[in-house]
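Here the structure comes first, spelled out in structure tokens, and everything after it is commentary.
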Amino acid sequence: MISRKELIELNVVREIIKEYPESGQKKVFLAKEDGYEVIVKIVQFNNERVKREIDIICKNSLTNVPKILSVSEFTSRDNKEYLCIKEEYIDGPTLEAVLANNKLNLRQGLKLLKTLLKISIVLEEKNIVHRDIKPSNIISAKSGDFYLIDFGIARILNQTSLTQSEAAVGPHTPGYGAPELFQYSKENITIKSDLFSIGVVMFESLTGLHPFLRGDEANVNEIWYRTKTVIPIDYIIKGDNSKQLISFIQTLMQKHTSRRPPSARKAYEWFQVLLPTIVLEETSK
């Protein structure tokens, strides 16, 4: 993969502030362009998943998803072709980093849940499934807002799949992916798969516990087994006095797709109905 020094020498970027750990086949940097900080992603030109990710973000109006500012092509000194994607920089840690120190308070949790459900409504209308909603793909901005990132394994339901049909396991992150994702049951992969992941994220964010895992579980087969079989504990969230919120989160995490909300819009409607039952204390601000 091309070096940061060569990127500057080729005038792909002017100033690199920070280099993030390499992710898959992408190099990601925080750079400065015309006085503004931007995220710069460098990927080999023939990466079809990245091209699909660009299309998803550029062709759809997605709120709380960082905007792509520009896409350009360039050739390295060893004649390899690359794409340079520059996107909006959201200042703040990932939700994963936040949860490493503390769980979210109820007010923050409700804002996160509302954000993810509203994004899901738009994705459903566009026949898109993110497939990788997890704390490391959510930015907790310093503004107090939350942003969903990384559509690298998103699936557009009315387009040809980029994963071979005979694949035994579909793209997902173990521990957050719904059963139909890791079982690669294509006909059952819909926005309901994202709703499952949202449920997992919300349970973890509000309780400080993962609904299926305890400790550092390294065996992926065990993670899949627990995701399919373990029923999350009936946790009491302070302020959720009638237990409507935890019940809703548990509904999102149902193993069978037929037991989850029938659509993202319906899930959002159910969320709106439960809001008056929540008691927000001054200490939750």
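Note on naming: chains are A, B, ... as they come in the structure tokens, residues start from 1 per chain, ligands start from 1 in the order shown.
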Sel. of helix (DSSP H, G or I) residues, segment 144-271 of chain A, as a ChimeraX atom specification: /A:179-182,186-188,191-207,220-229,244-252,257-259,264-271
Nearby residues (only C-alpha atoms) at most 12 Å from Asn11 of chain A, same-chain spacing under 6 positions excluded, as a PyMOL selection string: chain A and resi 4-5+33+72-76+84
Mind writing the picked residues with all heavy atoms as a compact mmCIF listing (two decimals), in the first residue's frame?
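Below you can see again.txt, which holds the result:
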```
# COMPACT_ATOMS: atom_id res chain seq x y z
N ARG A 4 2.42 7.45 3.21
CA ARG A 4 1.94 8.82 3.41
C ARG A 4 2.87 9.83 2.75
O ARG A 4 2.43 10.85 2.23
CB ARG A 4 1.79 9.10 4.91
CG ARG A 4 3.06 8.96 5.71
CD ARG A 4 2.80 9.01 7.21
NE ARG A 4 2.33 10.31 7.64
CZ ARG A 4 1.86 10.57 8.85
NH1 ARG A 4 1.78 9.59 9.74
NH2 ARG A 4 1.45 11.77 9.19
N LYS A 5 4.19 9.52 2.74
CA LYS A 5 5.16 10.42 2.11
C LYS A 5 4.87 10.56 0.61
O LYS A 5 4.87 11.67 0.06
CB LYS A 5 6.58 9.89 2.32
CG LYS A 5 7.65 10.75 1.69
CD LYS A 5 9.04 10.16 1.93
CE LYS A 5 10.11 11.01 1.26
NZ LYS A 5 11.46 10.42 1.44
N GLU A 33 -7.06 20.21 4.59
CA GLU A 33 -7.25 20.73 3.24
C GLU A 33 -7.90 22.10 3.33
O GLU A 33 -9.01 22.23 3.86
CB GLU A 33 -8.15 19.80 2.43
CG GLU A 33 -7.58 18.40 2.20
CD GLU A 33 -6.56 18.36 1.08
OE1 GLU A 33 -6.81 18.99 0.04
OE2 GLU A 33 -5.50 17.72 1.25
N SER A 72 -11.29 11.04 -6.14
CA SER A 72 -10.35 11.23 -7.25
C SER A 72 -9.54 9.96 -7.47
O SER A 72 -9.47 9.08 -6.60
CB SER A 72 -9.41 12.41 -6.98
OG SER A 72 -8.68 12.20 -5.78
N GLU A 73 -8.95 9.88 -8.65
CA GLU A 73 -8.11 8.74 -9.00
C GLU A 73 -6.68 9.22 -9.17
O GLU A 73 -6.45 10.35 -9.61
CB GLU A 73 -8.60 8.10 -10.31
CG GLU A 73 -10.05 7.67 -10.27
CD GLU A 73 -10.56 7.27 -11.66
OE1 GLU A 73 -9.70 7.05 -12.55
OE2 GLU A 73 -11.78 7.19 -11.84
N PHE A 74 -5.73 8.36 -8.83
CA PHE A 74 -4.33 8.70 -9.07
C PHE A 74 -3.53 7.42 -9.24
O PHE A 74 -3.96 6.33 -8.87
CB PHE A 74 -3.76 9.56 -7.94
CG PHE A 74 -3.59 8.84 -6.63
CD1 PHE A 74 -2.37 8.29 -6.27
CD2 PHE A 74 -4.66 8.72 -5.73
CE1 PHE A 74 -2.20 7.62 -5.07
CE2 PHE A 74 -4.50 8.07 -4.52
CZ PHE A 74 -3.27 7.51 -4.19
N THR A 75 -2.34 7.57 -9.81
CA THR A 75 -1.45 6.44 -10.05
C THR A 75 -0.18 6.62 -9.24
O THR A 75 0.43 7.69 -9.25
CB THR A 75 -1.09 6.33 -11.55
OG1 THR A 75 -2.31 6.23 -12.29
CG2 THR A 75 -0.23 5.11 -11.81
N SER A 76 0.22 5.58 -8.54
CA SER A 76 1.44 5.63 -7.72
C SER A 76 2.67 5.49 -8.62
O SER A 76 2.56 5.21 -9.82
CB SER A 76 1.43 4.51 -6.68
OG SER A 76 1.45 3.25 -7.31
N CYS A 84 -8.85 8.03 -4.09
CA CYS A 84 -8.69 8.87 -2.90
C CYS A 84 -10.06 9.44 -2.56
O CYS A 84 -10.64 10.19 -3.34
CB CYS A 84 -7.69 9.99 -3.15
SG CYS A 84 -7.61 11.17 -1.78
```
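Compared by their closest atoms to Asn127 of chain A, and using only C-alpha atoms, the residues A:Lys266, A:Arg155, A:Lys111, A:Arg49 rank with A:Arg155 nearest.
When only C-alpha atoms are used to measure the gap to Glu124 of chain A, the shortest distance among A:Ile156, A:Ile17, A:Val71, A:Ile149 belongs to A:Ile156.
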9 Å contact set for Glu96 of chain A, only C-alpha atoms, chain neighbours under 4 positions out, as a list of chain:residue names: A:Ala100, A:Lys134, A:Pro135, A:Ser136, A:Asn137, A:Ile138, A:Ile139
Contacts of Ser120 of chain A within 10 Å, only C-alpha atoms, excl. fewer than 2 positions in-chain, as a ChimeraX atom specification: /A:62,114-118,122-126,128-130,191-192,194-195,198,263-265,267-268
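Closest approach to Gly239 of chain A among A:Asn101, A:Ser258, A:Asn47, A:Thr277: A:Thr277, based on only C-alpha atoms.
Relative to atom CA of Leu280 of chain A, atom CA of Tyr147 of chain A is found at 23.1 Å.
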Using only C-alpha atoms: which of A:Asn102, A:Ser70, A:Gln25, A:Asn60 has the shortest distance to Val13 of chain A: A:Ser70
Spatial neighbours of Ile90 of chain A, max dist 10 Å, only C-alpha atoms, sep filter under 4 positions, as a PyMOL selection string: chain A and resi 37-39+64-67+139-143+145-147
Generate a file of the selected residues that holds C-alpha atoms, formatted as a compact mmCIF listing (two decimals), in the first residue's frame.
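Listing of part_31.txt after writing:
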```
# COMPACT_ATOMS: atom_id res chain seq x y z
CA GLU A 37 -9.72 18.75 8.69
CA VAL A 38 -10.93 15.89 6.49
CA ILE A 39 -10.80 12.12 6.55
CA ASN A 64 -25.90 11.67 10.57
CA VAL A 65 -23.62 9.96 8.06
CA PRO A 66 -20.36 11.80 7.17
CA LYS A 67 -20.56 13.36 3.69
CA ILE A 139 -18.93 8.34 16.14
CA SER A 140 -19.94 10.14 19.33
CA ALA A 141 -19.39 13.70 18.16
CA LYS A 142 -18.33 16.43 20.57
CA SER A 143 -21.53 18.23 19.52
CA ASP A 145 -24.75 13.95 18.03
CA PHE A 146 -24.07 10.43 16.78
CA TYR A 147 -22.91 9.46 13.29
```
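For the choices A:Val230, A:Ile133, A:Met1, A:Leu110, the atom-to-atom distance to Phe212 of chain A is smallest for A:Val230 when using only C-alpha atoms.
Distance-wise, atom CA of Leu7 of chain A and atom CA of Lys51 of chain A end up 20.3 Å apart.
Interatomic distance, atom CA of Val220 of chain A to atom CA of Asp132 of chain A: 16.0 Å.
Around Leu69 of chain A, within 9 Å and counting only C-alpha atoms, the residues found are Val38, Ile85, Lys86, Glu87 and Glu88 of chain A, once anything fewer than 4 positions away on its own chain is removed.
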